[in-house]
Every structure is written in structure tokens, then in C-alpha cells.
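Reproduced below: protein.txt, with compact mmCIF, C-alpha atoms.
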# COMPACT_ATOMS: atom_id res chain seq x y z
CA MET V 1 -4.12 -11.82 2.97
CA SER V 2 -0.49 -10.76 2.53
CA ASN V 3 1.55 -8.88 5.11
CA ILE V 4 0.67 -5.26 4.51
CA LEU V 5 1.17 -2.08 6.48
CA ARG V 6 -2.10 -0.41 7.45
CA LEU V 7 -1.91 3.38 7.74
CA ALA V 8 -3.99 6.18 9.21
CA ILE V 9 -3.30 9.85 8.53
CA VAL V 10 -4.32 13.11 10.17
CA ASP V 11 -3.95 16.60 8.70
CA PRO V 12 -6.41 19.51 9.01
CA ASP V 13 -5.12 20.82 5.66
CA ASP V 14 -7.47 19.17 3.14
CA ARG V 15 -5.24 19.77 0.12
CA LYS V 16 -2.13 18.40 1.73
CA ARG V 17 -3.99 15.44 3.20
CA GLU V 18 -5.42 14.57 -0.21
CA ALA V 19 -2.01 14.85 -1.85
CA LEU V 20 -0.51 12.54 0.78
CA LYS V 21 -3.42 10.15 0.36
CA GLN V 22 -2.89 9.91 -3.39
CA MET V 23 0.81 9.27 -2.88
CA LEU V 24 0.09 6.44 -0.43
CA LEU V 25 -2.52 4.85 -2.67
CA GLY V 26 0.12 4.38 -5.34
CA LEU V 27 2.33 2.24 -3.09
CA GLU V 28 2.23 -1.53 -2.87
CA LEU V 29 2.08 -3.17 0.56
CA ILE V 30 0.23 -0.14 1.91
CA TRP V 31 -3.40 -0.05 2.99
CA LEU V 32 -4.86 3.34 3.86
CA GLU V 33 -7.13 2.34 6.73
CA ALA V 34 -8.37 5.78 7.79
CA GLU V 35 -7.93 9.51 7.37
CA CYS V 36 -8.82 12.29 9.78
CA SER V 37 -8.98 16.09 9.60
CA ARG V 38 -8.96 16.86 13.36
CA TYR V 39 -6.16 16.19 15.82
CA GLU V 40 -8.61 15.78 18.71
CA PHE V 41 -10.37 12.88 16.97
CA PHE V 42 -7.33 11.00 15.70
CA ALA V 43 -6.63 9.06 18.93
CA ASP V 44 -10.13 7.56 18.70
CA VAL V 45 -9.59 6.76 15.01
CA VAL V 46 -6.36 4.94 15.82
CA GLY V 47 -8.02 3.08 18.68
CA GLN V 48 -10.85 1.89 16.43
CA THR V 49 -8.79 0.93 13.35
CA SER V 50 -5.50 -0.24 14.94
CA PRO V 51 -3.18 0.86 12.10
CA ASP V 52 0.47 -0.14 11.93
CA ILE V 53 1.56 3.42 11.13
CA GLY V 54 0.02 6.74 12.06
CA ILE V 55 1.07 9.72 9.93
CA VAL V 56 0.69 13.02 11.76
CA CYS V 57 1.10 16.26 9.77
CA ILE V 58 1.89 18.80 12.49
CA ASP V 59 1.83 22.17 10.69
CA ALA V 60 -1.76 23.22 11.46
CA GLU V 61 -1.24 23.27 15.27
CA PRO V 62 2.30 22.03 16.08
CA SER V 63 1.92 22.01 19.86
CA GLN V 64 -1.40 20.15 19.75
CA ALA V 65 -0.04 17.74 17.13
CA LEU V 66 3.07 16.93 19.17
CA ASP V 67 0.91 16.32 22.25
CA LEU V 68 -1.07 13.89 20.12
CA VAL V 69 2.14 12.11 19.06
CA ALA V 70 3.19 11.72 22.70
CA ARG V 71 -0.26 10.43 23.71
CA LEU V 72 -0.37 7.89 20.87
CA SER V 73 3.17 6.69 21.56
CA GLU V 74 2.22 5.97 25.15
CA SER V 75 -1.30 4.56 24.67
CA VAL V 76 -0.84 2.72 21.35
CA PRO V 77 2.84 1.66 21.25
CA GLN V 78 2.18 -0.88 18.50
CA CYS V 79 1.35 2.02 16.14
CA ASP V 80 4.54 3.63 14.81
CA ILE V 81 4.23 7.39 14.35
CA LEU V 82 5.61 9.18 11.30
CA VAL V 83 5.61 12.99 11.57
CA VAL V 84 5.39 15.27 8.53
CA SER V 85 6.11 19.02 8.55
CA THR V 86 6.98 21.79 6.12
CA SER V 87 9.64 22.87 8.61
CA CYS V 88 13.01 21.16 8.80
CA ASP V 89 13.95 23.06 11.94
CA GLY V 90 16.09 20.88 14.18
CA ASN V 91 14.09 21.89 17.25
CA TRP V 92 10.84 20.53 15.76
CA ILE V 93 12.57 17.30 14.72
CA LEU V 94 13.99 16.86 18.23
CA GLN V 95 10.62 17.52 19.88
CA ALA V 96 8.89 15.05 17.54
CA MET V 97 11.42 12.32 18.28
CA ARG V 98 11.22 12.96 22.03
CA ALA V 99 7.43 12.70 21.77
CA GLY V 100 7.82 9.24 20.30
CA ALA V 101 7.89 9.66 16.51
CA LYS V 102 9.79 6.93 14.71
CA GLU V 103 10.35 8.98 11.51
CA PHE V 104 10.30 12.67 10.53
CA LEU V 105 9.77 13.81 6.92
CA THR V 106 9.62 17.31 5.45
CA TRP V 107 6.87 18.52 3.12
CA PRO V 108 6.64 18.43 0.13
CA LEU V 109 7.44 14.75 0.38
CA ARG V 110 9.77 13.01 -1.99
CA LEU V 111 8.43 9.59 -2.89
CA GLU V 112 11.77 7.91 -2.31
CA ASP V 113 11.98 9.40 1.21
CA LEU V 114 8.47 8.21 2.05
CA ILE V 115 9.21 4.71 0.76
CA ALA V 116 12.49 4.60 2.70
CA SER V 117 10.79 5.64 5.96
CA ILE V 118 7.99 3.12 5.57
CA GLY V 119 10.59 0.51 4.64
CA ARG V 120 12.51 1.09 7.86
CA ILE V 121 9.33 0.75 9.91
CA SER V 122 8.41 -2.40 7.96
CA GLU V 123 11.83 -3.93 8.57
CA LYS V 124 11.55 -3.32 12.31
CA ARG V 125 8.04 -4.79 12.37
CA PHE V 126 8.47 -7.81 10.08
CA GLY V 127 12.23 -8.28 9.92
CA ARG V 128 14.20 -9.18 6.81
CA GLY V 129 13.22 -12.83 6.57
CA GLU V 130 10.19 -14.64 5.19
CA ASN V 131 7.80 -12.66 7.40
CA ARG V 132 8.56 -9.37 5.67
CA PRO V 133 5.79 -7.94 3.47
CA ARG V 134 5.59 -9.43 -0.01
CA GLY V 135 4.89 -7.55 -3.18
CA CYS V 136 1.91 -8.55 -5.29
CA GLN V 137 2.39 -10.35 -8.60
CA VAL V 138 -0.23 -9.12 -11.06
CA VAL V 139 -0.73 -11.59 -13.90
CA ALA V 140 -2.90 -10.49 -16.82
CA VAL V 141 -4.22 -13.34 -18.99
CA ALA V 142 -4.98 -12.21 -22.54
CA GLY V 143 -5.96 -14.13 -25.66
CA ALA V 144 -4.82 -13.99 -29.26
CA THR V 145 -8.47 -14.58 -30.15
CA GLY V 146 -11.62 -15.88 -28.49
CA GLY V 147 -11.91 -19.47 -27.38
CA VAL V 148 -8.22 -20.19 -26.82
CA GLY V 149 -8.70 -21.05 -23.15
CA CYS V 150 -7.91 -17.82 -21.29
CA THR V 151 -10.51 -18.27 -18.56
CA SER V 152 -9.59 -21.94 -18.13
CA LEU V 153 -5.99 -20.85 -17.64
CA ALA V 154 -6.81 -17.92 -15.35
CA VAL V 155 -9.10 -19.92 -13.06
CA ASN V 156 -6.89 -23.00 -12.79
CA LEU V 157 -3.70 -20.96 -12.43
CA GLY V 158 -5.37 -19.03 -9.61
CA CYS V 159 -6.44 -22.23 -7.86
CA ALA V 160 -2.95 -23.72 -8.25
CA LEU V 161 -1.38 -20.61 -6.71
CA ALA V 162 -3.98 -20.54 -3.91
CA ALA V 163 -3.12 -24.14 -3.00
CA GLU V 164 0.11 -22.81 -1.46
CA THR V 165 -0.72 -21.62 2.04
CA GLN V 166 1.68 -18.66 1.88
CA ASN V 167 -0.22 -17.22 -1.09
CA ALA V 168 -3.32 -15.03 -1.05
CA VAL V 169 -4.81 -15.03 -4.56
CA VAL V 170 -7.67 -13.13 -6.17
CA LEU V 171 -9.08 -13.45 -9.70
CA VAL V 172 -10.83 -10.51 -11.39
CA ASP V 173 -13.05 -11.29 -14.40
CA LEU V 174 -12.65 -8.38 -16.84
CA ASP V 175 -14.71 -9.91 -19.64
CA LEU V 176 -17.53 -7.61 -18.60
CA SER V 177 -20.11 -8.84 -21.13
CA LEU V 178 -19.60 -12.59 -21.32
CA GLY V 179 -17.20 -13.53 -18.55
CA ASP V 180 -17.82 -16.90 -16.89
CA ALA V 181 -15.17 -17.35 -14.23
CA ASP V 182 -17.97 -17.77 -11.67
CA VAL V 183 -19.32 -20.72 -13.69
CA PHE V 184 -15.90 -22.39 -13.71
CA LEU V 185 -15.95 -22.20 -9.90
CA ASP V 186 -19.65 -23.02 -9.50
CA THR V 187 -20.27 -19.91 -7.41
CA ILE V 188 -23.08 -17.36 -7.23
CA PRO V 189 -21.35 -14.18 -6.01
CA ASP V 190 -23.19 -11.59 -3.96
CA TYR V 191 -21.12 -8.71 -5.32
CA THR V 192 -19.47 -7.89 -8.63
CA LEU V 193 -16.88 -5.53 -10.09
CA ALA V 194 -19.67 -3.03 -10.74
CA ASP V 195 -20.57 -2.94 -7.04
CA LEU V 196 -16.99 -2.09 -6.11
CA ALA V 197 -16.78 0.56 -8.83
CA GLN V 198 -19.90 2.27 -7.46
CA ASN V 199 -18.38 2.36 -3.96
CA VAL V 200 -14.75 2.95 -4.87
CA ALA V 201 -14.59 6.31 -3.07
CA ARG V 202 -15.37 4.69 0.30
CA LEU V 203 -13.76 1.32 -0.35
CA ASP V 204 -11.81 0.09 2.66
CA PHE V 205 -10.28 -3.17 3.82
CA THR V 206 -13.50 -4.49 5.39
CA LEU V 207 -15.71 -3.63 2.42
CA LEU V 208 -13.20 -5.11 0.00
CA LYS V 209 -13.16 -8.46 1.81
CA ARG V 210 -16.96 -8.56 1.98
CA SER V 211 -17.21 -7.92 -1.75
CA LEU V 212 -15.14 -10.95 -2.78
CA THR V 213 -16.33 -14.53 -3.10
CA LYS V 214 -14.02 -17.17 -1.65
CA HIS V 215 -13.88 -20.57 -3.33
CA SER V 216 -13.10 -23.76 -1.40
CA SER V 217 -9.69 -23.86 -3.11
CA GLY V 218 -8.75 -20.63 -1.34
CA LEU V 219 -9.08 -18.50 -4.48
CA PHE V 220 -10.98 -15.23 -4.12
CA LEU V 221 -13.14 -14.08 -7.04
CA LEU V 222 -14.37 -10.68 -8.19
CA PRO V 223 -16.75 -11.45 -11.09
CA ARG V 224 -17.99 -9.40 -14.01
CA PRO V 225 -21.21 -7.35 -13.61
CA ALA V 226 -24.45 -9.33 -13.45
CA GLN V 227 -26.31 -7.06 -15.88
CA LEU V 228 -25.13 -5.75 -19.23
CA GLU V 229 -26.45 -2.29 -18.39
CA ASP V 230 -23.96 -2.12 -15.51
CA LEU V 231 -20.94 -2.19 -17.82
CA SER V 232 -20.86 1.59 -18.12
CA LEU V 233 -20.55 1.94 -14.34
CA ILE V 234 -16.90 0.84 -14.46
CA THR V 235 -14.39 3.45 -15.61
CA PRO V 236 -10.65 2.99 -16.19
CA GLU V 237 -10.01 5.18 -13.14
CA ASP V 238 -12.25 2.95 -11.00
CA LEU V 239 -10.46 -0.17 -12.19
CA GLN V 240 -7.06 1.37 -11.52
CA ARG V 241 -8.12 2.17 -7.95
CA ILE V 242 -9.57 -1.33 -7.40
CA ILE V 243 -6.46 -3.05 -8.75
CA GLY V 244 -4.31 -0.85 -6.52
CA LEU V 245 -6.30 -1.87 -3.45
CA LEU V 246 -6.23 -5.56 -4.37
CA LYS V 247 -2.46 -5.37 -4.86
CA ALA V 248 -2.12 -4.12 -1.30
CA ALA V 249 -4.18 -7.01 0.10
CA PHE V 250 -3.05 -10.05 -1.91
CA THR V 251 0.18 -11.74 -2.97
CA HIS V 252 -1.20 -12.68 -6.41
CA LEU V 253 -3.75 -10.93 -8.60
CA ILE V 254 -5.00 -12.68 -11.76
CA LEU V 255 -6.75 -10.49 -14.35
CA ASP V 256 -8.80 -12.39 -16.95
CA LEU V 257 -9.08 -9.92 -19.83
CA SER V 258 -11.75 -9.66 -22.51
CA LYS V 259 -10.90 -10.18 -26.19
CA SER V 260 -11.83 -6.60 -27.15
CA TYR V 261 -8.67 -4.98 -25.70
CA SER V 262 -10.82 -2.16 -24.37
CA ARG V 263 -9.63 0.77 -22.28
CA LEU V 264 -10.17 -1.34 -19.17
CA ASP V 265 -8.05 -4.14 -20.63
CA ILE V 266 -5.26 -1.67 -21.41
CA VAL V 267 -5.30 -0.45 -17.80
CA ALA V 268 -4.99 -4.06 -16.67
CA LEU V 269 -2.09 -4.69 -19.06
CA GLU V 270 -0.27 -1.56 -17.90
CA MET V 271 -0.66 -2.47 -14.21
CA ALA V 272 0.32 -6.12 -14.68
CA SER V 273 3.76 -7.35 -13.70
CA GLN V 274 3.43 -10.25 -16.16
CA VAL V 275 1.19 -10.80 -19.19
CA LEU V 276 0.33 -14.30 -20.38
CA LEU V 277 -0.69 -14.13 -24.04
CA VAL V 278 -2.55 -17.35 -24.83
CA THR V 279 -2.52 -18.76 -28.34
CA GLN V 280 -3.06 -21.99 -30.25
CA LEU V 281 -1.09 -23.46 -33.11
CA ASP V 282 -3.18 -22.15 -35.99
CA LEU V 283 -2.73 -19.34 -38.48
CA PRO V 284 -5.38 -16.89 -37.18
CA CYS V 285 -3.99 -17.10 -33.63
CA LEU V 286 -0.35 -16.73 -34.66
CA ARG V 287 -1.18 -13.84 -36.97
CA ASN V 288 -2.89 -12.07 -34.06
CA VAL V 289 0.09 -12.73 -31.79
CA VAL V 290 2.30 -10.85 -34.25
CA ARG V 291 -0.21 -7.99 -34.45
CA LEU V 292 -0.63 -7.78 -30.69
CA LEU V 293 3.10 -7.83 -29.98
CA ALA V 294 3.58 -5.00 -32.47
CA SER V 295 0.82 -2.99 -30.78
CA PHE V 296 2.14 -3.69 -27.29
CA LYS V 297 5.44 -2.06 -28.28
CA GLN V 298 3.56 1.24 -28.51
CA ILE V 299 2.93 1.11 -24.74
CA GLU V 300 6.11 1.66 -22.75
CA GLY V 301 7.32 -1.47 -21.01
CA LEU V 302 4.37 -3.65 -22.01
CA ALA V 303 6.02 -5.85 -24.65
CA ASP V 304 8.79 -6.83 -22.20
CA LYS V 305 6.21 -8.26 -19.78
CA VAL V 306 4.57 -10.58 -22.32
CA LYS V 307 5.02 -14.35 -22.03
CA ILE V 308 3.44 -16.47 -24.74
CA VAL V 309 1.55 -19.57 -23.63
CA VAL V 310 0.54 -22.06 -26.30
CA ASN V 311 -2.56 -24.06 -25.40
CA ARG V 312 -3.89 -27.42 -26.64
CA VAL V 313 -0.53 -28.70 -27.81
CA GLY V 314 -0.96 -32.15 -29.35
CA LEU V 315 -4.25 -31.47 -31.08
CA GLU V 316 -3.15 -33.18 -34.27
CA THR V 317 -5.76 -32.00 -36.77
CA GLY V 318 -4.38 -29.10 -38.80
CA GLN V 319 -1.97 -27.81 -36.16
CA ILE V 320 1.17 -25.95 -37.16
CA THR V 321 4.30 -27.40 -35.58
CA LEU V 322 5.84 -25.73 -32.55
CA LYS V 323 9.04 -25.03 -34.47
CA LYS V 324 7.25 -23.30 -37.34
CA ALA V 325 5.04 -21.35 -34.93
CA GLN V 326 8.03 -20.03 -32.98
CA ASP V 327 9.84 -19.15 -36.18
CA THR V 328 6.73 -17.29 -37.28
CA ILE V 329 6.33 -15.08 -34.24
CA GLY V 330 10.07 -14.65 -33.76
CA ARG V 331 9.91 -15.63 -30.09
CA GLU V 332 9.94 -18.85 -28.12
CA PHE V 333 6.95 -19.95 -26.13
CA PHE V 334 7.13 -19.46 -22.38
CA TRP V 335 4.88 -22.43 -21.62
CA GLN V 336 2.97 -25.24 -23.28
CA LEU V 337 -0.33 -26.69 -22.11
CA PRO V 338 -1.28 -30.12 -23.50
CA ASN V 339 -4.55 -30.81 -25.25
CA ASP V 340 -6.90 -32.62 -22.87
CA TYR V 341 -10.35 -31.53 -23.94
CA ARG V 342 -12.24 -34.21 -22.05
CA THR V 343 -10.63 -33.45 -18.67
CA MET V 344 -11.00 -29.70 -19.11
CA ILE V 345 -14.64 -29.82 -20.22
CA GLU V 346 -15.55 -32.14 -17.34
CA ALA V 347 -13.90 -29.79 -14.85
CA ARG V 348 -15.66 -26.78 -16.33
CA ASN V 349 -19.09 -28.43 -16.49
CA ASN V 350 -18.74 -29.65 -12.90
CA GLY V 351 -17.59 -26.24 -11.70
CA VAL V 352 -14.51 -27.83 -10.15
CA PRO V 353 -10.89 -26.70 -10.72
CA LEU V 354 -8.45 -29.15 -12.26
CA ILE V 355 -6.47 -29.64 -9.06
CA GLU V 356 -9.63 -31.12 -7.51
CA GLN V 357 -11.18 -32.76 -10.58
CA ALA V 358 -8.06 -34.44 -12.00
CA PRO V 359 -4.96 -33.70 -9.89
CA LYS V 360 -2.75 -36.21 -11.71
CA ALA V 361 -3.75 -35.31 -15.26
CA PRO V 362 -0.99 -33.88 -17.51
CA ILE V 363 -2.97 -30.67 -18.04
CA THR V 364 -3.23 -30.19 -14.26
CA GLN V 365 0.47 -30.82 -13.73
CA ALA V 366 1.26 -28.31 -16.48
CA MET V 367 -0.88 -25.70 -14.71
CA VAL V 368 0.80 -26.36 -11.36
CA SER V 369 4.25 -26.12 -12.95
CA LEU V 370 3.25 -22.87 -14.63
CA ALA V 371 2.21 -21.46 -11.25
CA GLU V 372 5.61 -22.43 -9.86
CA ALA V 373 7.43 -20.90 -12.83
CA LEU V 374 5.62 -17.59 -12.38
CA SER V 375 6.40 -17.56 -8.67
CA VAL V 376 10.09 -18.45 -8.96
CA PRO V 377 12.17 -15.84 -10.85
CA ASN V 378 14.37 -17.10 -13.70
CA LYS V 379 13.00 -20.64 -13.58
CA PRO V 380 13.61 -22.33 -16.97
CA THR V 381 10.64 -22.50 -19.28
CA ILE V 382 9.34 -25.68 -20.86
CA THR V 383 10.52 -24.61 -24.29
CA GLU V 384 14.29 -24.13 -24.24
CA ARG V 385 15.14 -23.90 -27.95
CA PRO V 386 15.94 -20.37 -29.18
CA ALA V 387 13.64 -19.19 -31.94
CA LYS V 388 14.86 -17.93 -35.28
CA ARG V 389 13.45 -14.60 -36.29
CA SER V 390 11.34 -14.50 -39.42
CA GLY V 391 7.90 -13.35 -40.50
CA PHE V 392 4.66 -14.81 -41.74
CA GLY V 393 5.84 -14.33 -45.31
CA LYS V 394 8.50 -17.01 -44.90
CA LEU V 395 6.03 -19.60 -43.71
CA PHE V 396 2.78 -18.74 -45.41
CA GLY V 397 3.70 -16.54 -48.36
CA LEU V 398 2.07 -13.50 -46.76
CA LYS V 399 3.49 -10.02 -46.29
CA ILE V 400 3.06 -8.66 -42.75
CA SER V 401 3.66 -5.00 -42.06
CA LYS V 402 5.17 -3.72 -38.80
CA ALA V 403 1.73 -3.06 -37.46
CA GLY V 404 0.78 -6.66 -38.15
CA SER V 405 -1.62 -6.02 -41.02
CA GLN V 406 -1.84 -8.43 -43.94
CA SER V 407 -1.27 -7.22 -47.51
Could you show the structure in this file as C-alpha cells?
Amino acid sequence: MSNILRLAIVDPDDRKREALKQMLLGLELIWLEAECSRYEFFADVVGQTSPDIGIVCIDAEPSQALDLVARLSESVPQCDILVVSTSCDGNWILQAMRAGAKEFLTWPLRLEDLIASIGRISEKRFGRGENRPRGCQVVAVAGATGGVGCTSLAVNLGCALAAETQNAVVLVDLDLSLGDADVFLDTIPDYTLADLAQNVARLDFTLLKRSLTKHSSGLFLLPRPAQLEDLSLITPEDLQRIIGLLKAAFTHLILDLSKSYSRLDIVALEMASQVLLVTQLDLPCLRNVVRLLASFKQIEGLADKVKIVVNRVGLETGQITLKKAQDTIGREFFWQLPNDYRTMIEARNNGVPLIEQAPKAPITQAMVSLAEALSVPNKPTITERPAKRSGFGKLFGLKISKAGSQS
């Protein structure tokens, strides 16, 4: 798991505690370990959960709350205390600091102030070097159509990333009806995405870890539901919460989308830091790339995150050339994966990732290099040539509207 800060909060005011909880759940590198509504119980909560930060909202009973801060500072010095109050009176701030609080924030909280306070605590705990907490890269893998190799890419990219010991990687299979990431890894998971969705309200660090299946490569897997009737159990809100929790616990999160671009897929695309749009060098795929890119522009910030990956390059029969394909979509490809059907099908049928099945194969090396490119900012892509902008009409004699429809 990645370096994260585990928090516990106490506030007898239910509304304020819930508002603070929702603010914390939206932050990366934060895991909300526990919450408490009574000052007298919070010391026991801290003792049982061992959080890195304890947030004490003192307004309900200031004297009792400050006594709690002093007791925690003495008995659990490894837990940094952050005090929150609606009062900005200097006397309260001084008393809180003398009691042992490391930070003091006034309510209502400004997000930037909360982030800055947690950042200062993080810097003291982890330093500024390699041991500091890492953000999570969320990579959504989407297809221009079915059968272009999205799951093959998602699984093998995840295994390549997990091969690096500093990475903690999880793959979520969002093809809820027909997903087969578990088959690629030859695993029979005990829990699925539907199980987490049903328990999302009480999901904590321990339950999350128990719900994931760990492959021998180091990759963690959260598979699609076992039964079709369980699909309706997963709402966009549930998925958003689950992704948020996974982001706090892992350095890399791979989301293998369905081909329906459902509401769940849109949530995944919006929460992704990078989107790999997988295509092949044929007309239906390229036409869909144009349509999808046009649609993605309707969602703020989404189109800028898209990187186009062309799969099965070198499949000679009927393929459009790379140059014509890039001219068609008006963008260059971020990455190319060579056609090696035999190696890929053997790996899939054996339930073994490429890095174990054929570590020296060109397709494997391309996957490993892609993992490195996604991890290293501004690393040059395989395709360097700038693309000329034109439409399908220039290449195929078709008229494509802005929305991508053919006329």
C-alpha cells in the first residue's frame, strides 16, 4: 500500500462531523480510519486504530476537549492532533497548542487550509524525499469498440506496474456483465465490486484489503459481480466512493471500462488522471475514436486526459497505415502495441500475465515501456511525428459532423 495518512475524528455535533468527513473523503492520501461522537470514548478509539492524525472539534465542550488533547499528546505522541473550532480567539488557540495540538483551524474550514495543515504534518512525518506520500495515478482503459484488447492491456499494464516494488497497484473490472479480468489472472475471487458497493457505508481499510484478490505478480484485483442480477446493486455514487478509497490506499488504480460508456464508465473517466483509448487500424475503430473524442469534449477536462493507444500494429491484412490513421483522427498515437496474437492468446488461456509467460516478447516489452511512460511525466512517446489535422472525408470520402456522425 502507498504511504497514506490515517485519520480519526471526534465531534459531538453530527452535522459538523459529517461535513468534515465528506471533506476528508475527497482528499487523496487520506484514509478516514474512525469517527467518534463522544470525547470520553475517543482515547480508546485512537488506541485501537492508531491513526496518524486525530482531529478534535472542541466546540461542544471546550474544557473537556482540551483535556482530551493533552491526554492524547502525552499517551499517544505518534498521533498528531489537529484542533478545529468555530472560535478564532487567541486564548483558545494558545490553550490548544499548550495542550499539544500541532495545528489549529477555524470552522467553517477552507479546503486549502485543511490541505495545508495536513501537508505540514505529512512533511514532518515523511519528510520531503522519496518517503513522502505519493498521489495515486488513476488510469482508465477504454475501447473504441469491443474486442480491441482493453482487458489484455489493463491486466498486463497492471502487472507491469506491480512488478516495481515501490508501486501498489489495483485493477477494477468495470465491464459488469462480461468482464473477464479474473480469467486473465486465473483467479477465483471471494469478493466482487457488488460486495463492496453493498457495504460502502461501513467500508474501512481492513474490509477493503479483505475484499481484494492479490495475484502472484503483486497486482490486486476487484472483479465484476458474479451474477448478472447484482449489476443494479452498484450505483455511480457507490463507485465514486470506492474509487476514492482505493486512491487513498494505492499508488496506481487501473479501471477496465465496459464498451457501453454507461454512467459508471463516465464516473470512472471523470475520476481518472489518464485515459487510454484503445483502437486498431481499421475504419470502424477510427470512426469511433473521432466520435468519442468529440463526445469527451462535452465533459470538462476529459478530452485533455485521453491518450490513444493503437493495438495490433503489424497485422497486415486490411490495416490502414499509421500515417493515414493519425491524419484521420487529427492526433498522434501515444503508444503502439505490436500484433502478437499467439503470445497473447497463450498468456490469456494459461491465466498468466505476459511478464511471466513471455518476458522477452516484443508485446511484453511494449507493455513494460508503456508502464514506464505512464509513470514518468513527459517521457517521449513511441510515435514522435506530428499529425496533420483532417477528417474522415479526406481519407474515405465520408462527411463527419462535429458530433462524429456519418452523413
Self-check item: Test item: residues at most 7 Å from Ile329 in chain V, all atoms listed in the file, excluding those fewer than 3 positions along its chain, as a PyMOL selection string
Solution: chain V and resi 286+290+325-326+391
Quiz prompt | For Leu269 in chain V: contacts at 12 Å, only C-alpha atoms, fewer than 2 positions along chain excluded, given as a ChimeraX atom specification | solution = /V:138-142,174,236,239-240,243,254-258,261-267,271-277,296,299-306
Write a file of the selected residues as an mmCIF file, keeping the file's coordinate frame, keeping C-alpha atoms.
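Output file out22.cif follows:
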data_model
loop_
_atom_site.group_PDB
_atom_site.id
_atom_site.type_symbol
_atom_site.label_atom_id
_atom_site.label_comp_id
_atom_site.auth_asym_id
_atom_site.auth_seq_id
_atom_site.Cartn_x
_atom_site.Cartn_y
_atom_site.Cartn_z
ATOM 1 C CA VAL V 138 -0.230 -9.120 -11.060
ATOM 2 C CA VAL V 139 -0.730 -11.590 -13.900
ATOM 3 C CA ALA V 140 -2.900 -10.490 -16.820
ATOM 4 C CA VAL V 141 -4.220 -13.340 -18.990
ATOM 5 C CA ALA V 142 -4.980 -12.210 -22.540
ATOM 6 C CA LEU V 174 -12.650 -8.380 -16.840
ATOM 7 C CA PRO V 236 -10.650 2.990 -16.190
ATOM 8 C CA LEU V 239 -10.460 -0.170 -12.190
ATOM 9 C CA GLN V 240 -7.060 1.370 -11.520
ATOM 10 C CA ILE V 243 -6.460 -3.050 -8.750
ATOM 11 C CA ILE V 254 -5.000 -12.680 -11.760
ATOM 12 C CA LEU V 255 -6.750 -10.490 -14.350
ATOM 13 C CA ASP V 256 -8.800 -12.390 -16.950
ATOM 14 C CA LEU V 257 -9.080 -9.920 -19.830
ATOM 15 C CA SER V 258 -11.750 -9.660 -22.510
ATOM 16 C CA TYR V 261 -8.670 -4.980 -25.700
ATOM 17 C CA SER V 262 -10.820 -2.160 -24.370
ATOM 18 C CA ARG V 263 -9.630 0.770 -22.280
ATOM 19 C CA LEU V 264 -10.170 -1.340 -19.170
ATOM 20 C CA ASP V 265 -8.050 -4.140 -20.630
ATOM 21 C CA ILE V 266 -5.260 -1.670 -21.410
ATOM 22 C CA VAL V 267 -5.300 -0.450 -17.800
ATOM 23 C CA MET V 271 -0.660 -2.470 -14.210
ATOM 24 C CA ALA V 272 0.320 -6.120 -14.680
ATOM 25 C CA SER V 273 3.760 -7.350 -13.700
ATOM 26 C CA GLN V 274 3.430 -10.250 -16.160
ATOM 27 C CA VAL V 275 1.190 -10.800 -19.190
ATOM 28 C CA LEU V 276 0.330 -14.300 -20.380
ATOM 29 C CA LEU V 277 -0.690 -14.130 -24.040
ATOM 30 C CA PHE V 296 2.140 -3.690 -27.290
ATOM 31 C CA ILE V 299 2.930 1.110 -24.740
ATOM 32 C CA GLU V 300 6.110 1.660 -22.750
ATOM 33 C CA GLY V 301 7.320 -1.470 -21.010
ATOM 34 C CA LEU V 302 4.370 -3.650 -22.010
ATOM 35 C CA ALA V 303 6.020 -5.850 -24.650
ATOM 36 C CA ASP V 304 8.790 -6.830 -22.200
ATOM 37 C CA LYS V 305 6.210 -8.260 -19.780
ATOM 38 C CA VAL V 306 4.570 -10.580 -22.320
#
Practice problem: Have a look at CA of Thr235 in chain V and CA of Leu221 in chain V and let me know their distance in Å, one decimal. | Solution: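 These atoms are spaced 19.6 Å apart.
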Practice problem: Would you please work out which residue, of V:Leu337, V:Leu219, V:Ile242, V:Leu114, is nearest to Met23 in chain V when using all atoms listed in the file? | Solution: V:Leu114
Quiz prompt | Expected answer as JSON, numbers by chain: all residues with atoms within 6 Å of (-12.6, -15.3, -15.7), only C-alpha atoms | solution = {"V": [151, 173, 179, 180, 181, 256]}
Practice problem: Quick one: everything within 10 Å of Ser369 in chain V, counting only C-alpha atoms, minus sequence neighbours fewer than 4 positions away in the same chain. Send it as a ChimeraX atom specification. | Solution: /V:157,160,335,363-365,373-375,381-382
Quiz prompt | For Asn199 in chain V: contacts at 12 Å, all atoms listed in the file, fewer than 5 positions along chain excluded, given as number ranges by chain | solution = V: 191-194, 204, 207-208, 211, 233-234, 238-239, 241-242
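As for CA of Lys102 in chain V and CA of Gly119 in chain V, they are spaced 12.0 Å apart.
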Quiz item: Hey, what's within 7 Å of Leu5 in chain V if we count all atoms listed in the file and toss same-chain stuff fewer than 6 positions away? As a list of chain:residue names, please?
Solution: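 So, after excluding close chain neighbours, the residues are V:Leu29, V:Ile30, V:Trp31, V:Asp52.
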Just C-alpha atoms for this one: save the residues we selected as a tab-separated table (two decimals), keeping the file's coordinate frame.
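What ended up in result39.tsv:
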chain	number	residue	atom	x	y	z
V	29	LEU	CA	2.08	-3.17	0.56
V	30	ILE	CA	0.23	-0.14	1.91
V	31	TRP	CA	-3.40	-0.05	2.99
V	52	ASP	CA	0.47	-0.14	11.93
Exercise. Would you please work out which residue, of V:Ser122, V:Leu245, V:Thr86, V:His215, is nearest to Arg202 in chain V when using all atoms listed in the file?
Key: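 For Arg202 in chain V, the nearest of the given residues is V:Leu245.
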